[in-house]
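Okay, entry-v2.pdb is below, PDB, C-alpha atoms, pLDDT in the B column:
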```
ATOM      1  CA  MET A 213     -19.142   9.999  -4.259  1.00 55.00           C
ATOM      2  CA  ARG A 214     -16.528   8.850  -6.734  1.00 57.00           C
ATOM      3  CA  ASN A 215     -13.849   9.665  -4.166  1.00 54.00           C
ATOM      4  CA  VAL A 216     -15.526   7.486  -1.544  1.00 51.00           C
ATOM      5  CA  THR A 217     -15.924   4.625  -4.004  1.00 54.00           C
ATOM      6  CA  ALA A 218     -12.302   4.950  -5.128  1.00 52.00           C
ATOM      7  CA  ALA A 219     -11.113   4.992  -1.509  1.00 52.00           C
ATOM      8  CA  VAL A 220     -13.147   1.904  -0.673  1.00 51.00           C
ATOM      9  CA  MET A 221     -11.964   0.042  -3.747  1.00 54.00           C
ATOM     10  CA  ALA A 222      -8.328   0.974  -3.066  1.00 53.00           C
ATOM     11  CA  SER A 223      -8.662  -0.091   0.560  1.00 54.00           C
ATOM     12  CA  THR A 224     -10.301  -3.357  -0.438  1.00 53.00           C
ATOM     13  CA  LEU A 225      -7.608  -4.105  -3.009  1.00 52.00           C
ATOM     14  CA  THR A 226      -4.910  -3.281  -0.475  1.00 50.00           C
ATOM     15  CA  LEU A 227      -6.493  -5.512   2.151  1.00 47.00           C
ATOM     16  CA  VAL A 228      -6.875  -8.414  -0.254  1.00 48.00           C
ATOM     17  CA  THR A 229      -3.317  -7.995  -1.505  1.00 49.00           C
ATOM     18  CA  LEU A 230      -1.877  -7.831   2.002  1.00 45.00           C
ATOM     19  CA  ALA A 231      -3.923 -10.826   3.106  1.00 46.00           C
ATOM     20  CA  CYS A 232      -2.785 -12.892   0.144  1.00 45.00           C
ATOM     21  CA  GLN A 233       0.814 -11.879   0.653  1.00 44.00           C
ATOM     22  CA  ALA A 234       0.712 -12.594   4.375  1.00 42.00           C
ATOM     23  CA  ARG A 235      -0.831 -16.008   3.744  1.00 40.00           C
ATOM     24  CA  ASP A 236       1.341 -17.042   0.806  1.00 39.00           C
ATOM     25  CA  LEU A 237       4.749 -15.592   1.562  1.00 36.00           C
ATOM     26  CA  PRO A 238       7.409 -17.641   3.216  1.00 35.00           C
ATOM     27  CA  ALA A 239       9.157 -15.934   6.073  1.00 33.00           C
ATOM     28  CA  SER A 240      11.748 -13.793   4.342  1.00 35.00           C
ATOM     29  CA  ASP A 241      13.433 -10.445   4.557  1.00 36.00           C
ATOM     30  CA  ASN A 242      11.314  -9.108   1.695  1.00 37.00           C
ATOM     31  CA  TRP A 243       8.884  -6.484   2.862  1.00 39.00           C
ATOM     32  CA  TYR A 244       6.855  -6.442  -0.321  1.00 37.00           C
ATOM     33  CA  GLN A 245       6.782  -9.336  -2.692  1.00 35.00           C
ATOM     34  CA  GLY A 246       6.783  -8.301  -6.316  1.00 35.00           C
ATOM     35  CA  GLY A 247       6.080 -10.501  -9.268  1.00 35.00           C
ATOM     36  CA  GLU A 248       2.942 -12.403  -9.989  1.00 34.00           C
ATOM     37  CA  GLY A 249       0.791 -11.516  -6.967  1.00 36.00           C
ATOM     38  CA  LEU A 250      -2.680  -9.990  -7.242  1.00 33.00           C
ATOM     39  CA  VAL A 251      -1.151  -6.652  -8.121  1.00 35.00           C
ATOM     40  CA  LYS A 252       1.927  -6.528 -10.270  1.00 35.00           C
ATOM     41  CA  ARG A 253       4.225  -4.005  -8.607  1.00 35.00           C
ATOM     42  CA  ASN A 254       6.293  -1.659 -10.699  1.00 35.00           C
ATOM     43  CA  ASN A 255       9.753  -0.320  -9.880  1.00 33.00           C
ATOM     44  CA  LEU A 256       8.236   2.622  -8.002  1.00 31.00           C
ATOM     45  CA  GLN A 257       6.688   0.208  -5.518  1.00 32.00           C
ATOM     46  CA  SER A 258       9.640  -2.065  -4.902  1.00 39.00           C
ATOM     47  CA  HIS A 259      10.133  -3.314  -1.398  1.00 72.00           C
ATOM     48  CA  MET A 260      11.564  -1.207   1.374  1.00 77.00           C
ATOM     49  CA  PHE A 261      14.985  -2.829   1.775  1.00 81.00           C
ATOM     50  CA  GLU A 262      15.875  -3.568  -1.837  1.00 82.00           C
ATOM     51  CA  GLY A 263      19.501  -2.793  -2.543  1.00 81.00           C
ATOM     52  CA  ILE A 264      20.522  -2.789   1.112  1.00 88.00           C
ATOM     53  CA  ASN A 265      22.946  -5.492   2.156  1.00 90.00           C
ATOM     54  CA  LEU A 266      21.559  -7.031   5.325  1.00 92.00           C
ATOM     55  CA  THR A 267      23.507  -9.198   7.712  1.00 93.00           C
ATOM     56  CA  GLU A 268      22.164 -12.649   8.479  1.00 94.00           C
ATOM     57  CA  GLN A 269      21.240 -11.444  11.971  1.00 95.00           C
ATOM     58  CA  GLN A 270      19.268  -8.514  10.497  1.00 93.00           C
ATOM     59  CA  ARG A 271      17.495 -10.846   8.077  1.00 92.00           C
ATOM     60  CA  GLN A 272      16.487 -13.144  10.917  1.00 94.00           C
ATOM     61  CA  GLN A 273      15.293 -10.257  13.082  1.00 94.00           C
ATOM     62  CA  MET A 274      13.211  -8.906  10.195  1.00 92.00           C
ATOM     63  CA  ARG A 275      11.757 -12.350   9.495  1.00 93.00           C
ATOM     64  CA  ASP A 276      10.809 -12.594  13.159  1.00 94.00           C
ATOM     65  CA  LEU A 277       9.167  -9.143  13.086  1.00 92.00           C
ATOM     66  CA  MET A 278       7.169 -10.033   9.971  1.00 91.00           C
ATOM     67  CA  GLN A 279       6.072 -13.382  11.394  1.00 92.00           C
ATOM     68  CA  ARG A 280       4.921 -11.654  14.573  1.00 91.00           C
ATOM     69  CA  ALA A 281       3.108  -8.969  12.545  1.00 89.00           C
ATOM     70  CA  ARG A 282       1.339 -11.582  10.409  1.00 88.00           C
ATOM     71  CA  HIS A 283       0.389 -13.540  13.490  1.00 87.00           C
ATOM     72  CA  ASP A 284      -0.875 -10.486  15.400  1.00 85.00           C
ATOM     73  CA  SER A 285      -2.764  -8.819  12.562  1.00 83.00           C
ATOM     74  CA  PRO A 286      -6.513  -9.366  12.431  1.00 80.00           C
ATOM     75  CA  PRO A 287      -7.828 -11.283   9.436  1.00 80.00           C
ATOM     76  CA  VAL A 288      -9.303  -9.382   6.544  1.00 83.00           C
ATOM     77  CA  ASN A 289     -12.925  -8.630   7.316  1.00 88.00           C
ATOM     78  CA  VAL A 290     -14.635 -10.245   4.337  1.00 93.00           C
ATOM     79  CA  SER A 291     -18.080  -9.448   5.698  1.00 94.00           C
ATOM     80  CA  GLU A 292     -17.305  -5.708   5.463  1.00 94.00           C
ATOM     81  CA  MET A 293     -16.376  -6.105   1.801  1.00 95.00           C
ATOM     82  CA  GLU A 294     -19.528  -8.139   1.219  1.00 96.00           C
ATOM     83  CA  THR A 295     -21.630  -5.456   2.911  1.00 96.00           C
ATOM     84  CA  MET A 296     -20.119  -2.794   0.644  1.00 96.00           C
ATOM     85  CA  HIS A 297     -20.740  -4.924  -2.420  1.00 97.00           C
ATOM     86  CA  ASN A 298     -24.366  -5.375  -1.430  1.00 97.00           C
ATOM     87  CA  LEU A 299     -24.743  -1.614  -0.973  1.00 96.00           C
ATOM     88  CA  VAL A 300     -23.216  -0.993  -4.404  1.00 96.00           C
ATOM     89  CA  ILE A 301     -25.514  -3.428  -6.210  1.00 97.00           C
ATOM     90  CA  ALA A 302     -28.685  -2.469  -4.324  1.00 96.00           C
ATOM     91  CA  ASN A 303     -31.681  -1.310  -6.379  1.00 96.00           C
ATOM     92  CA  ASN A 304     -31.895   1.911  -4.383  1.00 96.00           C
ATOM     93  CA  PHE A 305     -28.561   3.545  -3.712  1.00 96.00           C
ATOM     94  CA  ASP A 306     -28.183   4.600  -0.058  1.00 96.00           C
ATOM     95  CA  GLU A 307     -25.379   7.155   0.050  1.00 96.00           C
ATOM     96  CA  THR A 308     -25.526   7.454   3.836  1.00 97.00           C
ATOM     97  CA  ALA A 309     -25.088   3.705   4.304  1.00 96.00           C
ATOM     98  CA  VAL A 310     -22.282   3.567   1.740  1.00 97.00           C
ATOM     99  CA  ARG A 311     -20.533   6.499   3.411  1.00 97.00           C
ATOM    100  CA  ALA A 312     -20.825   4.858   6.841  1.00 97.00           C
ATOM    101  CA  GLN A 313     -19.545   1.543   5.487  1.00 96.00           C
ATOM    102  CA  ALA A 314     -16.674   3.246   3.643  1.00 96.00           C
ATOM    103  CA  GLU A 315     -15.666   5.123   6.778  1.00 96.00           C
ATOM    104  CA  LYS A 316     -15.751   1.915   8.828  1.00 95.00           C
ATOM    105  CA  MET A 317     -13.584   0.142   6.261  1.00 94.00           C
ATOM    106  CA  ALA A 318     -11.231   3.117   6.072  1.00 94.00           C
ATOM    107  CA  GLN A 319     -10.788   3.107   9.858  1.00 93.00           C
ATOM    108  CA  GLU A 320      -9.858  -0.570   9.735  1.00 91.00           C
ATOM    109  CA  GLN A 321      -7.379   0.162   6.948  1.00 91.00           C
ATOM    110  CA  VAL A 322      -5.850   3.024   8.936  1.00 92.00           C
ATOM    111  CA  ALA A 323      -5.390   0.717  11.922  1.00 90.00           C
ATOM    112  CA  ARG A 324      -3.635  -1.846   9.690  1.00 90.00           C
ATOM    113  CA  GLN A 325      -1.392   0.813   8.191  1.00 91.00           C
ATOM    114  CA  VAL A 326      -0.419   2.090  11.636  1.00 92.00           C
ATOM    115  CA  GLU A 327       0.525  -1.433  12.726  1.00 91.00           C
ATOM    116  CA  MET A 328       2.570  -1.999   9.575  1.00 91.00           C
ATOM    117  CA  ALA A 329       4.285   1.369  10.054  1.00 93.00           C
ATOM    118  CA  LYS A 330       5.286   0.244  13.564  1.00 93.00           C
ATOM    119  CA  VAL A 331       6.852  -2.901  12.116  1.00 93.00           C
ATOM    120  CA  ARG A 332       8.649  -0.906   9.409  1.00 93.00           C
ATOM    121  CA  ASN A 333       9.964   1.436  12.098  1.00 95.00           C
ATOM    122  CA  GLN A 334      11.277  -1.526  14.076  1.00 95.00           C
ATOM    123  CA  MET A 335      12.937  -2.854  10.934  1.00 94.00           C
ATOM    124  CA  TYR A 336      14.451   0.527  10.151  1.00 95.00           C
ATOM    125  CA  ARG A 337      15.929   0.714  13.637  1.00 95.00           C
ATOM    126  CA  LEU A 338      17.683  -2.617  13.010  1.00 95.00           C
ATOM    127  CA  LEU A 339      19.737  -0.967  10.244  1.00 96.00           C
ATOM    128  CA  SER A 340      23.153   0.547  10.758  1.00 96.00           C
ATOM    129  CA  PRO A 341      23.498   4.310  10.149  1.00 96.00           C
ATOM    130  CA  GLU A 342      25.101   3.547   6.760  1.00 95.00           C
ATOM    131  CA  GLN A 343      22.231   1.270   5.769  1.00 95.00           C
ATOM    132  CA  GLN A 344      19.731   3.891   6.913  1.00 95.00           C
ATOM    133  CA  ALA A 345      21.469   6.459   4.715  1.00 95.00           C
ATOM    134  CA  VAL A 346      21.231   4.131   1.688  1.00 94.00           C
ATOM    135  CA  LEU A 347      17.557   3.472   2.435  1.00 94.00           C
ATOM    136  CA  ASN A 348      16.858   7.201   2.751  1.00 94.00           C
ATOM    137  CA  ASP A 349      18.649   7.906  -0.549  1.00 94.00           C
ATOM    138  CA  LYS A 350      16.641   5.202  -2.308  1.00 92.00           C
ATOM    139  CA  HIS A 351      13.443   6.552  -0.765  1.00 92.00           C
ATOM    140  CA  GLN A 352      14.260  10.034  -2.058  1.00 94.00           C
ATOM    141  CA  GLN A 353      14.856   8.618  -5.540  1.00 93.00           C
ATOM    142  CA  ARG A 354      11.461   6.884  -5.469  1.00 92.00           C
ATOM    143  CA  MET A 355       9.766  10.082  -4.274  1.00 95.00           C
ATOM    144  CA  ASP A 356      11.380  11.981  -7.144  1.00 96.00           C
ATOM    145  CA  GLN A 357      10.024   9.351  -9.554  1.00 94.00           C
ATOM    146  CA  PHE A 358       6.552   9.661  -8.014  1.00 93.00           C
ATOM    147  CA  ARG A 359       6.696  13.449  -8.356  1.00 95.00           C
ATOM    148  CA  GLU A 360       7.654  13.147 -12.024  1.00 94.00           C
ATOM    149  CA  LEU A 361       4.832  10.681 -12.585  1.00 93.00           C
ATOM    150  CA  ALA A 362       2.336  12.943 -10.792  1.00 93.00           C
ATOM    151  CA  ASP A 363       3.482  15.899 -12.902  1.00 91.00           C
ATOM    152  CA  LEU A 364       3.066  13.860 -16.097  1.00 91.00           C
ATOM    153  CA  GLN A 365      -0.403  12.739 -15.024  1.00 90.00           C
ATOM    154  CA  GLN A 366      -1.415  16.304 -14.213  1.00 88.00           C
ATOM    155  CA  MET A 367      -0.109  17.568 -17.565  1.00 89.00           C
ATOM    156  CA  SER A 368      -1.902  14.747 -19.353  1.00 86.00           C
ATOM    157  CA  SER A 369      -5.232  15.464 -17.670  1.00 83.00           C
ATOM    158  CA  MET A 370      -4.845  19.192 -18.362  1.00 83.00           C
ATOM    159  CA  GLN A 371      -4.178  18.416 -22.021  1.00 81.00           C
ATOM    160  CA  ALA A 372      -7.241  16.169 -22.129  1.00 79.00           C
ATOM    161  CA  LEU A 373      -9.404  18.906 -20.608  1.00 77.00           C
ATOM    162  CA  SER A 374      -8.028  21.495 -22.994  1.00 76.00           C
ATOM    163  CA  SER A 375      -8.546  19.160 -25.950  1.00 73.00           C
ATOM    164  CA  SER A 376     -12.147  18.383 -24.984  1.00 71.00           C
ATOM    165  CA  SER A 377     -12.981  22.054 -24.457  1.00 70.00           C
ATOM    166  CA  LYS A 378     -11.543  22.899 -27.891  1.00 69.00           C
ATOM    167  CA  ARG A 379     -13.717  20.207 -29.488  1.00 66.00           C
ATOM    168  CA  SER A 380     -16.853  21.490 -27.750  1.00 64.00           C
ATOM    169  CA  ASN A 381     -16.140  25.055 -28.919  1.00 64.00           C
ATOM    170  CA  GLN A 382     -15.874  24.010 -32.558  1.00 62.00           C
TER     171      GLN A 382
END
```
Once you've parsed the file, please lay out its structure as structure tokens.
Amino acid sequence: MRNVTAAVMASTLTLVTLACQARDLPASDNWYQGGEGLVKRNNLQSHMFEGINLTEQQRQQMRDLMQRARHDSPPVNVSEMETMHNLVIANNFDETAVRAQAEKMAQEQVARQVEMAKVRNQMYRLLSPEQQAVLNDKHQQRMDQFRELADLQQMSSMQALSSSSKRSNQ
């Protein structure tokens, strides 16, 4: 149940963040906008084309793709979030209803992610082979950072489990 709740909350936060970014961002070549948005992004989540020198033509083509994507994407379904909230605060918890609502919201999120992946693919294809190589190198560096972070988190949780089991044995 915690996994379903976490998935729904992550999806909701992602939807709200994307909606706010799509509404508030000027047309630019930035894929993700860092800074003072709803979620402060760290270096591991910097935007896709950071550090790649784009030509003015590439910038314009990417702006056009993003404008089209923002225009074509369906609005965030606030009623679905409201439905989930009502299920969470209900006096009698209905796991079946929550599961159905979470799955519905997850399907909508998957559809959004597929559409955004299409746009990213179109943007990637606008890059020269040299720019693609730089992007791939930077991606590999970020993945290495994520792996290190995941390893640290796993070690930390293992230490916490070991520490709590030692305390309970004493």
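One distance worth recording is that between atom CA of A:Asp284 and atom CA of A:Val310, which is 29.0 Å.
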Check your understanding: Hey, what's within 8 Å of A:Glu292 if we count only C-alpha atoms and toss same-chain stuff fewer than 3 positions away? As a PyMOL selection string, please?
Key -> chain A and resi 289+295-296+313+317
Take the selection from the previous step and output its residues with C-alpha atoms, as a PDB file, in the frame of the given file.
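selection.pdb was written with the following content:
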```
ATOM      1  CA  ASN A 289     -12.925  -8.630   7.316  1.00 88.00           C
ATOM      2  CA  THR A 295     -21.630  -5.456   2.911  1.00 96.00           C
ATOM      3  CA  MET A 296     -20.119  -2.794   0.644  1.00 96.00           C
ATOM      4  CA  GLN A 313     -19.545   1.543   5.487  1.00 96.00           C
ATOM      5  CA  MET A 317     -13.584   0.142   6.261  1.00 94.00           C
TER       6      MET A 317
END
```
Point to revise | Spatial neighbours of stretch 322-339 of chain A, 7 Å, only C-alpha atoms, chain gap at least 5 places, as a VMD selection string | key: chain A and resid 270 274 277 344
Could you write out that same residue set with C-alpha atoms as an mmCIF file, keeping the file's coordinate frame?
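Wrote it out as selection37.cif, contents follow:
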```cif
data_model
loop_
_atom_site.group_PDB
_atom_site.id
_atom_site.type_symbol
_atom_site.label_atom_id
_atom_site.label_comp_id
_atom_site.auth_asym_id
_atom_site.auth_seq_id
_atom_site.Cartn_x
_atom_site.Cartn_y
_atom_site.Cartn_z
ATOM 1 C CA GLN A 270 19.268 -8.514 10.497
ATOM 2 C CA MET A 274 13.211 -8.906 10.195
ATOM 3 C CA LEU A 277 9.167 -9.143 13.086
ATOM 4 C CA GLN A 344 19.731 3.891 6.913
#
```
Check your understanding: Please, what distance in Å, to one decimal, runs between atom CA of A:Lys350 and atom CA of A:Asn265?
Key -> 13.2 Å
Review point. What gap, in Å, lies between atom CA of A:Gln371 and atom CA of A:Phe358?
Key: 19.7 Å
